[in-house]
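Below: entry03.tsv (TSV, C-alpha atoms)
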chain	number	residue	atom	x	y	z
A	1	MET	CA	10.07	-63.88	4.97
A	2	ILE	CA	11.43	-60.44	4.15
A	3	TYR	CA	9.12	-57.93	2.49
A	4	ASN	CA	9.22	-54.69	0.54
A	5	ASP	CA	6.70	-51.88	0.68
A	6	VAL	CA	6.29	-51.01	-3.00
A	7	CYS	CA	3.46	-49.77	-5.24
A	8	GLY	CA	1.46	-49.22	-2.06
A	9	ASP	CA	1.67	-52.95	-1.38
A	10	LYS	CA	3.54	-55.30	0.94
A	11	LEU	CA	5.28	-57.86	-1.27
A	12	SER	CA	7.43	-60.79	-0.30
A	13	ARG	CA	10.85	-60.19	-1.77
A	14	LEU	CA	10.77	-63.75	-3.15
A	15	GLY	CA	8.20	-64.32	-5.88
A	16	PHE	CA	7.07	-67.67	-7.28
A	17	GLY	CA	7.68	-67.60	-11.04
A	18	LEU	CA	5.34	-70.01	-12.81
A	19	MET	CA	7.38	-70.51	-16.00
A	20	ARG	CA	9.15	-73.74	-14.98
A	21	LEU	CA	6.52	-75.69	-13.07
A	22	PRO	CA	6.97	-79.38	-12.15
A	23	THR	CA	5.89	-81.70	-14.95
A	24	LEU	CA	4.88	-85.33	-15.34
A	25	ALA	CA	6.48	-87.84	-17.68
A	26	ASP	CA	4.16	-86.78	-20.52
A	27	GLY	CA	5.19	-83.13	-20.17
A	28	GLN	CA	1.96	-81.97	-18.53
A	29	ILE	CA	2.11	-79.86	-15.37
A	30	ASP	CA	2.03	-81.91	-12.18
A	31	GLN	CA	-0.97	-80.19	-10.60
A	32	ALA	CA	-0.75	-82.06	-7.29
A	33	LEU	CA	2.90	-81.17	-6.75
A	34	PHE	CA	2.33	-77.60	-7.87
A	35	ALA	CA	-0.52	-77.29	-5.36
A	36	GLN	CA	1.79	-78.61	-2.63
A	37	MET	CA	4.41	-75.99	-3.54
A	38	VAL	CA	1.85	-73.17	-3.56
A	39	ASP	CA	0.63	-74.20	-0.13
A	40	TYR	CA	4.19	-74.22	1.19
A	41	ALA	CA	4.91	-70.83	-0.37
A	42	LEU	CA	1.84	-69.15	1.09
A	43	SER	CA	2.31	-70.71	4.52
A	44	HIS	CA	5.90	-69.38	4.57
A	45	GLY	CA	5.06	-65.83	3.55
A	46	VAL	CA	5.48	-65.84	-0.25
A	47	ASN	CA	2.60	-63.78	-1.62
A	48	TYR	CA	3.58	-62.96	-5.24
A	49	PHE	CA	2.87	-65.34	-8.15
A	50	ASP	CA	4.00	-64.53	-11.67
A	51	THR	CA	2.59	-66.21	-14.77
A	52	ALA	CA	2.12	-65.22	-18.44
A	53	TYR	CA	-0.10	-65.95	-21.41
A	54	VAL	CA	2.57	-68.10	-23.09
A	55	TYR	CA	4.08	-70.00	-20.15
A	56	HIS	CA	3.65	-73.76	-20.53
A	57	SER	CA	1.70	-72.99	-23.74
A	58	GLY	CA	-0.96	-71.27	-21.65
A	59	TRP	CA	-1.36	-73.98	-19.04
A	60	SER	CA	0.56	-72.00	-16.42
A	61	GLU	CA	-2.30	-69.49	-16.21
A	62	VAL	CA	-4.83	-72.32	-16.09
A	63	MET	CA	-3.01	-74.03	-13.23
A	64	ALA	CA	-2.57	-70.74	-11.40
A	65	GLY	CA	-6.33	-70.30	-11.55
A	66	ARG	CA	-7.12	-73.83	-10.42
A	67	VAL	CA	-4.77	-73.80	-7.45
A	68	LEU	CA	-4.74	-70.19	-6.24
A	69	SER	CA	-8.52	-69.79	-6.46
A	70	LYS	CA	-8.79	-72.11	-3.44
A	71	TYR	CA	-7.23	-69.41	-1.25
A	72	PRO	CA	-8.69	-66.03	-0.20
A	73	ARG	CA	-8.09	-63.57	-3.04
A	74	ASP	CA	-6.48	-61.01	-0.75
A	75	SER	CA	-3.90	-63.55	0.51
A	76	TYR	CA	-1.81	-63.43	-2.66
A	77	ARG	CA	-0.81	-61.10	-5.49
A	78	LEU	CA	-1.20	-62.41	-9.03
A	79	ALA	CA	0.76	-61.12	-12.03
A	80	SER	CA	0.41	-61.97	-15.71
A	81	LYS	CA	1.56	-60.54	-19.03
A	82	PHE	CA	0.29	-59.55	-22.48
A	83	PRO	CA	2.08	-61.44	-25.31
A	84	GLY	CA	2.87	-58.53	-27.61
A	85	HIS	CA	6.33	-60.00	-28.24
A	86	THR	CA	5.02	-63.13	-29.99
A	87	THR	CA	4.93	-63.75	-33.73
A	88	SER	CA	1.14	-63.56	-33.91
A	89	GLU	CA	-0.28	-61.68	-36.89
A	90	GLU	CA	-2.80	-59.91	-34.66
A	91	HIS	CA	-2.26	-58.26	-31.30
A	92	TYR	CA	-5.69	-57.02	-30.26
A	93	PRO	CA	-5.57	-57.04	-26.44
A	94	GLU	CA	-9.27	-57.27	-25.52
A	95	ALA	CA	-9.88	-60.97	-26.22
A	96	ILE	CA	-6.56	-62.10	-24.78
A	97	PHE	CA	-7.06	-60.16	-21.56
A	98	GLU	CA	-10.54	-61.64	-21.04
A	99	GLU	CA	-9.15	-65.11	-21.71
A	100	GLN	CA	-6.42	-64.57	-19.15
A	101	LEU	CA	-8.92	-63.52	-16.48
A	102	GLU	CA	-10.95	-66.64	-17.24
A	103	ARG	CA	-7.92	-68.93	-17.15
A	104	CYS	CA	-6.77	-67.45	-13.83
A	105	GLN	CA	-10.30	-67.52	-12.35
A	106	THR	CA	-10.07	-63.92	-11.20
A	107	ASP	CA	-11.72	-60.56	-11.81
A	108	TYR	CA	-8.47	-58.60	-11.77
A	109	PHE	CA	-4.70	-58.85	-11.85
A	110	ASP	CA	-2.74	-57.26	-9.05
A	111	TYR	CA	0.22	-56.73	-11.38
A	112	TYR	CA	0.15	-56.83	-15.16
A	113	LEU	CA	3.05	-56.51	-17.58
A	114	LEU	CA	3.60	-55.75	-21.22
A	115	HIS	CA	5.66	-58.86	-21.94
A	116	ASN	CA	9.19	-58.43	-23.26
A	117	ILE	CA	9.52	-54.95	-24.66
A	118	CYS	CA	12.47	-55.45	-27.02
A	119	GLU	CA	13.85	-54.46	-30.39
A	120	ASN	CA	11.50	-56.95	-32.10
A	121	SER	CA	8.31	-56.02	-30.24
A	122	TYR	CA	8.58	-52.26	-29.76
A	123	ASP	CA	6.66	-51.36	-32.93
A	124	THR	CA	3.87	-53.77	-32.02
A	125	TYR	CA	3.40	-52.29	-28.57
A	126	MET	CA	3.48	-48.72	-29.82
A	127	ASN	CA	1.29	-49.27	-32.91
A	128	PRO	CA	-2.03	-47.38	-32.53
A	129	LYS	CA	-3.67	-50.04	-34.72
A	130	TRP	CA	-3.57	-52.47	-31.80
A	131	GLY	CA	-4.04	-49.86	-29.07
A	132	ILE	CA	-2.24	-52.06	-26.54
A	133	VAL	CA	-0.91	-49.39	-24.19
A	134	LYS	CA	-4.17	-47.42	-24.27
A	135	PHE	CA	-6.26	-50.52	-23.55
A	136	PHE	CA	-4.28	-51.58	-20.52
A	137	GLU	CA	-4.20	-48.06	-19.14
A	138	GLU	CA	-8.02	-48.16	-19.33
A	139	GLN	CA	-8.04	-51.48	-17.47
A	140	ARG	CA	-5.85	-49.96	-14.78
A	141	LYS	CA	-8.31	-47.08	-14.35
A	142	LYS	CA	-11.19	-49.59	-14.11
A	143	GLY	CA	-9.40	-51.53	-11.37
A	144	ARG	CA	-9.06	-54.71	-13.41
A	145	ILE	CA	-5.32	-54.12	-13.23
A	146	ARG	CA	-4.02	-52.69	-9.96
A	147	HIS	CA	-0.47	-52.00	-11.13
A	148	LEU	CA	0.87	-51.83	-14.70
A	149	GLY	CA	4.48	-52.43	-15.70
A	150	PHE	CA	6.58	-54.17	-18.31
A	151	SER	CA	9.28	-56.79	-18.72
A	152	CYS	CA	12.27	-56.20	-20.94
A	153	HIS	CA	15.05	-58.28	-22.50
A	154	ALA	CA	16.13	-55.40	-24.74
A	155	GLN	CA	19.46	-53.66	-24.79
A	156	PRO	CA	19.62	-50.50	-22.64
A	157	PRO	CA	18.92	-47.98	-25.45
A	158	MET	CA	15.61	-49.69	-26.29
A	159	LEU	CA	14.55	-49.88	-22.64
A	160	GLU	CA	15.36	-46.20	-22.20
A	161	ARG	CA	13.50	-45.30	-25.40
A	162	PHE	CA	10.37	-47.13	-24.27
A	163	VAL	CA	10.30	-45.41	-20.88
A	164	ASP	CA	10.73	-42.04	-22.61
A	165	GLU	CA	8.07	-42.63	-25.27
A	166	VAL	CA	5.39	-44.91	-23.82
A	167	GLY	CA	3.26	-41.96	-22.71
A	168	ILE	CA	1.88	-43.42	-19.47
A	169	PRO	CA	3.61	-44.18	-16.16
A	170	MET	CA	5.08	-47.64	-15.77
A	171	GLU	CA	4.93	-48.65	-12.11
A	172	PHE	CA	7.65	-51.32	-12.27
A	173	CYS	CA	10.00	-53.02	-14.71
A	174	GLN	CA	11.12	-56.65	-14.81
A	175	ILE	CA	14.63	-57.26	-16.17
A	176	GLN	CA	17.12	-60.12	-16.37
A	177	LEU	CA	19.52	-59.38	-13.55
A	178	ASN	CA	22.14	-61.50	-11.83
A	179	TYR	CA	25.85	-61.24	-11.00
A	180	LEU	CA	26.80	-62.61	-14.43
A	181	ASP	CA	24.55	-60.35	-16.51
A	182	TRP	CA	25.53	-57.33	-14.43
A	183	THR	CA	28.29	-56.99	-17.04
A	184	LEU	CA	27.56	-59.64	-19.71
A	185	GLN	CA	24.18	-58.15	-20.67
A	186	ASN	CA	24.87	-54.66	-19.30
A	187	ALA	CA	22.20	-55.11	-16.63
A	188	LYS	CA	23.98	-52.53	-14.49
A	189	ARG	CA	23.10	-49.78	-16.96
A	190	LYS	CA	19.46	-50.92	-17.00
A	191	TYR	CA	19.30	-51.03	-13.21
A	192	ASP	CA	20.91	-47.60	-12.86
A	193	PHE	CA	18.56	-46.06	-15.43
A	194	LEU	CA	15.42	-47.48	-13.82
A	195	THR	CA	16.60	-46.44	-10.37
A	196	LYS	CA	17.27	-42.89	-11.58
A	197	ARG	CA	13.76	-42.76	-13.07
A	198	GLY	CA	12.18	-44.01	-9.85
A	199	ILE	CA	10.94	-47.24	-11.38
A	200	PRO	CA	11.15	-50.26	-9.03
A	201	VAL	CA	13.03	-53.26	-10.41
A	202	TRP	CA	11.59	-56.77	-10.57
A	203	VAL	CA	14.21	-59.47	-11.27
A	204	MET	CA	13.80	-62.42	-13.61
A	205	GLU	CA	16.46	-65.09	-14.22
A	206	PRO	CA	18.26	-64.44	-10.91
A	207	VAL	CA	20.19	-67.71	-11.40
A	208	ARG	CA	20.07	-67.76	-15.22
A	209	GLY	CA	17.51	-70.56	-15.59
A	210	GLY	CA	19.49	-72.71	-13.15
A	211	LYS	CA	22.91	-72.21	-14.76
A	212	LEU	CA	24.11	-70.20	-11.74
A	213	ALA	CA	22.59	-72.70	-9.32
A	214	LYS	CA	25.15	-75.35	-10.33
A	215	LEU	CA	28.63	-73.88	-10.28
A	216	PRO	CA	31.84	-75.82	-11.00
A	217	GLU	CA	33.30	-77.56	-7.95
A	218	SER	CA	36.38	-75.34	-7.98
A	219	LEU	CA	34.23	-72.23	-7.59
A	220	MET	CA	31.88	-73.81	-5.06
A	221	ALA	CA	34.87	-74.62	-2.84
A	222	ASP	CA	35.51	-70.91	-2.28
A	223	LEU	CA	31.84	-70.28	-1.45
A	224	GLU	CA	31.69	-73.28	0.87
A	225	GLU	CA	34.64	-71.97	2.81
A	226	LYS	CA	32.89	-68.65	3.34
A	227	ARG	CA	29.44	-70.03	4.20
A	228	PRO	CA	29.36	-73.81	4.77
A	229	GLY	CA	26.20	-75.45	3.46
A	230	ALA	CA	24.93	-72.43	1.51
A	231	SER	CA	23.72	-73.30	-1.99
A	232	ALA	CA	25.02	-71.61	-5.13
A	233	ALA	CA	21.50	-70.27	-5.72
A	234	SER	CA	21.41	-68.64	-2.29
A	235	TRP	CA	24.61	-66.72	-3.11
A	236	GLY	CA	22.96	-65.37	-6.26
A	237	PHE	CA	19.84	-64.27	-4.39
A	238	ARG	CA	21.83	-62.65	-1.61
A	239	TRP	CA	23.95	-60.79	-4.17
A	240	LEU	CA	20.74	-59.18	-5.42
A	241	GLN	CA	19.78	-58.14	-1.88
A	242	ASN	CA	22.60	-55.58	-2.06
A	243	LEU	CA	20.68	-53.60	-4.69
A	244	PRO	CA	18.16	-51.38	-2.88
A	245	ASN	CA	15.92	-50.79	-5.90
A	246	VAL	CA	15.40	-54.53	-6.44
A	247	LYS	CA	11.95	-54.97	-4.93
A	248	MET	CA	10.94	-58.39	-6.29
A	249	ILE	CA	13.08	-61.44	-7.10
A	250	LEU	CA	11.32	-64.13	-9.10
A	251	SER	CA	12.42	-67.73	-8.96
A	252	GLY	CA	11.04	-70.31	-11.40
A	253	MET	CA	10.91	-73.12	-8.86
A	254	SER	CA	10.34	-76.61	-10.27
A	255	ASN	CA	10.40	-78.77	-7.16
A	256	PRO	CA	9.87	-78.55	-3.38
A	257	GLU	CA	13.59	-78.67	-2.66
A	258	GLN	CA	14.19	-75.45	-4.61
A	259	MET	CA	11.24	-73.85	-2.84
A	260	GLU	CA	12.50	-74.80	0.60
A	261	ASP	CA	16.05	-73.60	-0.12
A	262	ASN	CA	14.80	-70.26	-1.46
A	263	VAL	CA	12.47	-69.70	1.46
A	264	ARG	CA	15.40	-70.28	3.82
A	265	THR	CA	17.45	-67.69	1.92
A	266	PHE	CA	14.67	-65.11	2.10
A	267	SER	CA	13.73	-65.82	5.70
A	268	GLU	CA	15.92	-62.88	6.70
A	269	GLY	CA	17.71	-60.03	4.98
A	270	ALA	CA	21.32	-61.10	4.59
A	271	PRO	CA	23.06	-59.15	1.81
A	272	LEU	CA	26.70	-59.86	1.01
A	273	ASP	CA	29.52	-57.86	2.48
A	274	GLU	CA	31.75	-55.87	0.15
A	275	ALA	CA	34.33	-58.64	-0.25
A	276	GLU	CA	31.65	-61.26	-0.98
A	277	TRP	CA	29.97	-58.97	-3.50
A	278	GLN	CA	33.23	-58.59	-5.41
A	279	MET	CA	33.93	-62.30	-5.13
A	280	MET	CA	30.71	-63.06	-7.01
A	281	LEU	CA	31.66	-60.61	-9.76
A	282	ASP	CA	35.05	-62.34	-9.99
A	283	ILE	CA	33.27	-65.69	-10.31
A	284	ALA	CA	31.18	-64.21	-13.11
A	285	GLU	CA	34.33	-63.35	-15.05
A	286	LYS	CA	35.60	-66.91	-14.65
A	287	LEU	CA	32.27	-68.29	-15.91
A	288	LYS	CA	32.21	-66.20	-19.05
A	289	ASP	CA	35.07	-67.96	-20.91
A	290	SER	CA	34.66	-65.03	-23.25
A	291	VAL	CA	36.40	-63.51	-26.25
A	292	PRO	CA	38.31	-60.55	-24.73
A	293	CYS	CA	36.75	-57.76	-26.80
A	294	THR	CA	37.04	-54.35	-25.13
A	295	ALA	CA	34.58	-52.68	-27.55
A	296	CYS	CA	37.20	-50.17	-28.67
A	297	ARG	CA	35.49	-50.27	-32.10
A	298	TYR	CA	38.70	-49.88	-34.09
A	299	CYS	CA	37.56	-52.86	-36.16
A	300	VAL	CA	34.26	-51.29	-37.19
A	301	ASP	CA	35.60	-48.47	-39.36
A	302	GLY	CA	37.58	-50.83	-41.58
A	303	CYS	CA	34.89	-53.49	-42.01
A	304	PRO	CA	33.72	-53.52	-45.67
A	305	GLN	CA	30.39	-55.01	-44.49
A	306	GLN	CA	30.02	-52.33	-41.79
A	307	LEU	CA	29.28	-54.95	-39.15
A	308	ASP	CA	28.96	-53.91	-35.52
A	309	ILE	CA	31.66	-56.38	-34.52
A	310	PRO	CA	31.81	-55.54	-30.78
A	311	ARG	CA	28.06	-56.07	-30.48
A	312	LEU	CA	28.25	-59.38	-32.34
A	313	ILE	CA	31.09	-60.56	-30.10
A	314	ARG	CA	29.10	-59.59	-27.00
A	315	ILE	CA	26.16	-61.68	-28.23
A	316	TYR	CA	28.58	-64.48	-29.10
A	317	ASN	CA	30.01	-64.45	-25.58
A	318	ASP	CA	26.49	-64.69	-24.18
A	319	ILE	CA	25.69	-67.67	-26.38
A	320	ARG	CA	28.91	-69.44	-25.35
A	321	PHE	CA	27.65	-69.39	-21.77
A	322	GLN	CA	24.07	-70.43	-22.51
A	323	LYS	CA	22.13	-71.15	-25.70
A	324	SER	CA	19.34	-68.82	-24.70
A	325	MET	CA	16.38	-68.00	-26.88
A	326	THR	CA	16.56	-64.36	-25.79
A	327	VAL	CA	20.04	-64.11	-27.33
A	328	GLY	CA	18.59	-65.34	-30.61
A	329	MET	CA	15.87	-62.72	-30.35
A	330	GLU	CA	18.49	-59.97	-30.11
A	331	LEU	CA	20.29	-61.27	-33.17
A	332	ASP	CA	16.99	-61.50	-35.08
A	333	ALA	CA	16.48	-57.80	-34.41
A	334	LEU	CA	19.48	-57.01	-36.59
A	335	PRO	CA	19.02	-56.61	-40.37
A	336	PRO	CA	20.15	-59.79	-42.20
A	337	GLU	CA	23.13	-57.96	-43.69
A	338	LYS	CA	24.38	-57.07	-40.19
A	339	ARG	CA	24.46	-60.60	-38.80
A	340	PRO	CA	27.62	-62.73	-38.41
A	341	GLU	CA	27.02	-64.72	-41.60
A	342	SER	CA	27.64	-61.49	-43.57
A	343	CYS	CA	31.34	-61.57	-42.65
A	344	ILE	CA	33.40	-62.16	-45.81
A	345	GLY	CA	36.53	-63.16	-43.88
A	346	CYS	CA	38.75	-60.46	-45.33
A	347	GLY	CA	40.70	-60.06	-42.08
A	348	ALA	CA	40.79	-56.26	-42.08
A	349	CYS	CA	39.41	-56.30	-38.54
A	350	MET	CA	42.19	-58.59	-37.29
A	351	GLU	CA	44.92	-56.27	-38.54
A	352	ILE	CA	43.73	-53.41	-36.34
A	353	CYS	CA	42.39	-55.31	-33.29
A	354	PRO	CA	44.52	-54.43	-30.20
A	355	GLN	CA	43.51	-57.75	-28.59
A	356	LYS	CA	44.60	-59.76	-31.66
A	357	ILE	CA	41.22	-61.50	-31.79
A	358	GLU	CA	40.72	-63.76	-34.81
A	359	ILE	CA	37.40	-62.10	-35.56
A	360	PRO	CA	36.49	-63.99	-38.79
A	361	VAL	CA	37.03	-67.28	-36.93
A	362	VAL	CA	34.82	-66.07	-34.08
A	363	LEU	CA	32.03	-65.04	-36.45
A	364	ARG	CA	32.15	-68.36	-38.33
A	365	ASP	CA	31.82	-70.20	-35.03
A	366	PHE	CA	28.99	-67.84	-34.08
A	367	VAL	CA	27.04	-68.91	-37.18
A	368	GLU	CA	27.48	-72.58	-36.26
A	369	ARG	CA	26.44	-72.08	-32.64
A	370	MET	CA	23.30	-70.21	-33.69
A	371	LYS	CA	22.03	-73.40	-35.34
A	372	GLU	CA	21.53	-74.84	-31.84
A	373	VAL	CA	19.63	-71.86	-30.43
A	374	PRO	CA	15.82	-72.19	-30.26
A	375	LYS	CA	14.07	-69.98	-32.82
A	376	TRP	CA	11.42	-67.72	-31.32
A	377	ALA	CA	9.01	-68.34	-34.22
A	378	ASP	CA	9.29	-72.11	-33.73
A	379	VAL	CA	8.68	-71.77	-30.00
A	380	CYS	CA	5.56	-69.70	-30.68
A	381	LYS	CA	4.21	-72.39	-32.99
A	382	GLU	CA	4.78	-75.09	-30.38
A	383	ARG	CA	3.06	-73.04	-27.71
A	384	GLU	CA	0.10	-72.37	-29.96
A	385	ALA	CA	-0.29	-76.09	-30.63
A	386	GLY	CA	-0.50	-76.84	-26.90
A	387	LYS	CA	-2.69	-73.87	-25.98
A	388	PRO	CA	-5.71	-74.67	-23.77
A	389	LYS	CA	-9.11	-74.23	-25.37
A	390	PHE	CA	-12.07	-72.55	-23.70
As structure tokens - that is how I would like this structure written.
Amino acid sequence: MIYNDVCGDKLSRLGFGLMRLPTLADGQIDQALFAQMVDYALSHGVNYFDTAYVYHSGWSEVMAGRVLSKYPRDSYRLASKFPGHTTSEEHYPEAIFEEQLERCQTDYFDYYLLHNICENSYDTYMNPKWGIVKFFEEQRKKGRIRHLGFSCHAQPPMLERFVDEVGIPMEFCQIQLNYLDWTLQNAKRKYDFLTKRGIPVWVMEPVRGGKLAKLPESLMADLEEKRPGASAASWGFRWLQNLPNVKMILSGMSNPEQMEDNVRTFSEGAPLDEAEWQMMLDIAEKLKDSVPCTACRYCVDGCPQQLDIPRLIRIYNDIRFQKSMTVGMELDALPPEKRPESCIGCGACMEICPQKIEIPVVLRDFVERMKEVPKWADVCKEREAGKPKF
């Protein structure tokens, strides 16, 4: 297992993300199989386990406590997150934090994150009424949190604003980063900003929830020729090894086979060479199947609805690849009058578009595709219904 010295700690570069645990036929977490995977992880050098208050409607933290508490506390590093991004009407941190410690059967968290700083949650996290940032800074000083950071699905300007305005040092930041989102979600700008500020990067969604672990046969043929037998997932992980400020790569492993393959990949440092690195970026472009907007913004000035058309097309391209809830969250952050359904189909944008994109057609299709994207409020309700009681 390869390691990084970061935050005064020695962390396995592969972390076990506990968001997609193995489940039984009734949807409940398969505790026996999860315990088997934890034992394999620890015995092969994985020492970082990442859960959150909302994962598996709260049962992820419970299972983490049941299984990990059987091992010496100094043999693993446990991370969890405060759910300030949820649709709850109250966000007082004290009770939730105590509940998390109880669920996880621990007296402290090695790493703790403000969960999903984004356009929708920024005001909640910064609101003095809830005192979220102040409370967790106090817990860090008391030693109940060893290292405090945040996760972020926001666009770069919001991430940069939070770092500038939060008022206390953030020791690490967890972002969605992979060879597709390097350009599709402008992860490169986020990575460069965090690196410049000296903030270590934790990676979530390194294979896009599995989408990058199953590539089309035509693309896999090229990879197989380069490295026979290497999985698509291993290419994604090794691509990330080329980024020196990536200190932790989380994988939401759901079965032993994924665990074993990932451990093999991280058994030694093996970043891609320059040609392989570029090959993965070329594959990303082939995967996008995207509307070829160059964000020249000529269309914006003539739009009678003053829509940010390049931004809407970027979100649309993302949704064409994967109907992700985080994409819906970004759209929800826009005022209703700035969303794709506000397009009146006048065609003024088409007349000036250098790429000759049929923008009204794109925006109509966008509205239809959004009907299939999970709504964050609905997900919160489902999670609340399945929340464990203490």
message: Can you pull out the residues contacting Leu68 of chain A? Cut-off 12 Å, using only C-alpha atoms, and skip same-chain residues under 4 positions away; I want them as a PyMOL selection string.
response: chain A and resi 31+34-39+41-42+47-51+60-64+72-78+103-106
List as a PDB file with C-alpha atoms, keeping the file's coordinate frame the protein and nucleic acid residues near segment 153-155 of chain A, meaning an atom at most 12 Å away when only C-alpha atoms are counted, but skip any in the same chain fewer than 5 places from it.
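Everything below was put into selection-v9.pdb:
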ATOM      1  CA  HIS A  85       6.330 -60.000 -28.240  1.00  0.00           C
ATOM      2  CA  LEU A 114       3.600 -55.750 -21.220  1.00  0.00           C
ATOM      3  CA  HIS A 115       5.660 -58.860 -21.940  1.00  0.00           C
ATOM      4  CA  ASN A 116       9.190 -58.430 -23.260  1.00  0.00           C
ATOM      5  CA  ILE A 117       9.520 -54.950 -24.660  1.00  0.00           C
ATOM      6  CA  CYS A 118      12.470 -55.450 -27.020  1.00  0.00           C
ATOM      7  CA  GLU A 119      13.850 -54.460 -30.390  1.00  0.00           C
ATOM      8  CA  ASN A 120      11.500 -56.950 -32.100  1.00  0.00           C
ATOM      9  CA  SER A 121       8.310 -56.020 -30.240  1.00  0.00           C
ATOM     10  CA  TYR A 122       8.580 -52.260 -29.760  1.00  0.00           C
ATOM     11  CA  GLU A 160      15.360 -46.200 -22.200  1.00  0.00           C
ATOM     12  CA  ARG A 161      13.500 -45.300 -25.400  1.00  0.00           C
ATOM     13  CA  PHE A 162      10.370 -47.130 -24.270  1.00  0.00           C
ATOM     14  CA  CYS A 173      10.000 -53.020 -14.710  1.00  0.00           C
ATOM     15  CA  GLN A 174      11.120 -56.650 -14.810  1.00  0.00           C
ATOM     16  CA  ILE A 175      14.630 -57.260 -16.170  1.00  0.00           C
ATOM     17  CA  GLN A 176      17.120 -60.120 -16.370  1.00  0.00           C
ATOM     18  CA  LEU A 177      19.520 -59.380 -13.550  1.00  0.00           C
ATOM     19  CA  ASP A 181      24.550 -60.350 -16.510  1.00  0.00           C
ATOM     20  CA  LEU A 184      27.560 -59.640 -19.710  1.00  0.00           C
ATOM     21  CA  GLN A 185      24.180 -58.150 -20.670  1.00  0.00           C
ATOM     22  CA  ASN A 186      24.870 -54.660 -19.300  1.00  0.00           C
ATOM     23  CA  ALA A 187      22.200 -55.110 -16.630  1.00  0.00           C
ATOM     24  CA  LYS A 188      23.980 -52.530 -14.490  1.00  0.00           C
ATOM     25  CA  ARG A 189      23.100 -49.780 -16.960  1.00  0.00           C
ATOM     26  CA  LYS A 190      19.460 -50.920 -17.000  1.00  0.00           C
ATOM     27  CA  TYR A 191      19.300 -51.030 -13.210  1.00  0.00           C
ATOM     28  CA  VAL A 203      14.210 -59.470 -11.270  1.00  0.00           C
ATOM     29  CA  MET A 204      13.800 -62.420 -13.610  1.00  0.00           C
ATOM     30  CA  GLU A 205      16.460 -65.090 -14.220  1.00  0.00           C
ATOM     31  CA  ARG A 311      28.060 -56.070 -30.480  1.00  0.00           C
ATOM     32  CA  ARG A 314      29.100 -59.590 -27.000  1.00  0.00           C
ATOM     33  CA  ILE A 315      26.160 -61.680 -28.230  1.00  0.00           C
ATOM     34  CA  SER A 324      19.340 -68.820 -24.700  1.00  0.00           C
ATOM     35  CA  MET A 325      16.380 -68.000 -26.880  1.00  0.00           C
ATOM     36  CA  THR A 326      16.560 -64.360 -25.790  1.00  0.00           C
ATOM     37  CA  VAL A 327      20.040 -64.110 -27.330  1.00  0.00           C
ATOM     38  CA  GLY A 328      18.590 -65.340 -30.610  1.00  0.00           C
ATOM     39  CA  MET A 329      15.870 -62.720 -30.350  1.00  0.00           C
ATOM     40  CA  GLU A 330      18.490 -59.970 -30.110  1.00  0.00           C
ATOM     41  CA  LEU A 331      20.290 -61.270 -33.170  1.00  0.00           C
ATOM     42  CA  ALA A 333      16.480 -57.800 -34.410  1.00  0.00           C
TER      43      ALA A 333
END
query: For the atom pair atom CA of Leu24 of chain A and atom CA of Met259 of chain A, what is the interatomic distance in Å to one decimal place?
result: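 Going from atom CA of Leu24 of chain A over to atom CA of Met259 of chain A, I get 18.1 Å.
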Shell of 6 Å around Gly17 of chain A, only C-alpha atoms, local chain residues under 6 positions omitted, as a PyMOL selection string: chain A and resi 50+250-252
Written file, previous selection with C-alpha atoms, as an mmCIF file, in the frame of the given file:
data_model
loop_
_atom_site.group_PDB
_atom_site.id
_atom_site.type_symbol
_atom_site.label_atom_id
_atom_site.label_comp_id
_atom_site.auth_asym_id
_atom_site.auth_seq_id
_atom_site.Cartn_x
_atom_site.Cartn_y
_atom_site.Cartn_z
ATOM 1 C CA ASP A 50 4.000 -64.530 -11.670
ATOM 2 C CA LEU A 250 11.320 -64.130 -9.100
ATOM 3 C CA SER A 251 12.420 -67.730 -8.960
ATOM 4 C CA GLY A 252 11.040 -70.310 -11.400
#
Pro244 of chain A environment, 10 Å, only C-alpha atoms, sequence neighbours closer than 2 positions dropped, as a PDB file with C-alpha atoms, keeping the file's coordinate frame:
ATOM      1  CA  THR A 195      16.600 -46.440 -10.370  1.00  0.00           C
ATOM      2  CA  PRO A 200      11.150 -50.260  -9.030  1.00  0.00           C
ATOM      3  CA  VAL A 201      13.030 -53.260 -10.410  1.00  0.00           C
ATOM      4  CA  LEU A 240      20.740 -59.180  -5.420  1.00  0.00           C
ATOM      5  CA  GLN A 241      19.780 -58.140  -1.880  1.00  0.00           C
ATOM      6  CA  ASN A 242      22.600 -55.580  -2.060  1.00  0.00           C
ATOM      7  CA  VAL A 246      15.400 -54.530  -6.440  1.00  0.00           C
ATOM      8  CA  LYS A 247      11.950 -54.970  -4.930  1.00  0.00           C
TER       9      LYS A 247
END
May I have a table of the residues of segment 145-251 of chain A lying at most 12 Å from segment 124-131 of chain A, giving each one's closest pair of atoms and their distance in Å to one decimal, counting all atoms listed in the file, ordered by chain and ascending residue number, as a Markdown table?
| residue | atom | partner | partner_atom | distance |
| --- | --- | --- | --- | --- |
| A:Phe150 | CA | A:Tyr125 | CA | 10.9 |
| A:Arg161 | CA | A:Met126 | CA | 11.5 |
| A:Phe162 | CA | A:Met126 | CA | 9.0 |
| A:Val163 | CA | A:Met126 | CA | 11.7 |
| A:Glu165 | CA | A:Met126 | CA | 8.9 |
| A:Val166 | CA | A:Met126 | CA | 7.4 |
| A:Gly167 | CA | A:Met126 | CA | 9.8 |
| A:Ile168 | CA | A:Met126 | CA | 11.7 |
- line: atom CA of Cys353 of chain A sits from atom CA of Asp365 of chain A at a separation of 18.3 Å
task: Go ahead and compute the interatomic distance for atom CA of Phe109 of chain A and atom CA of Lys141 of chain A, in Å to one decimal.
output: 12.6 Å
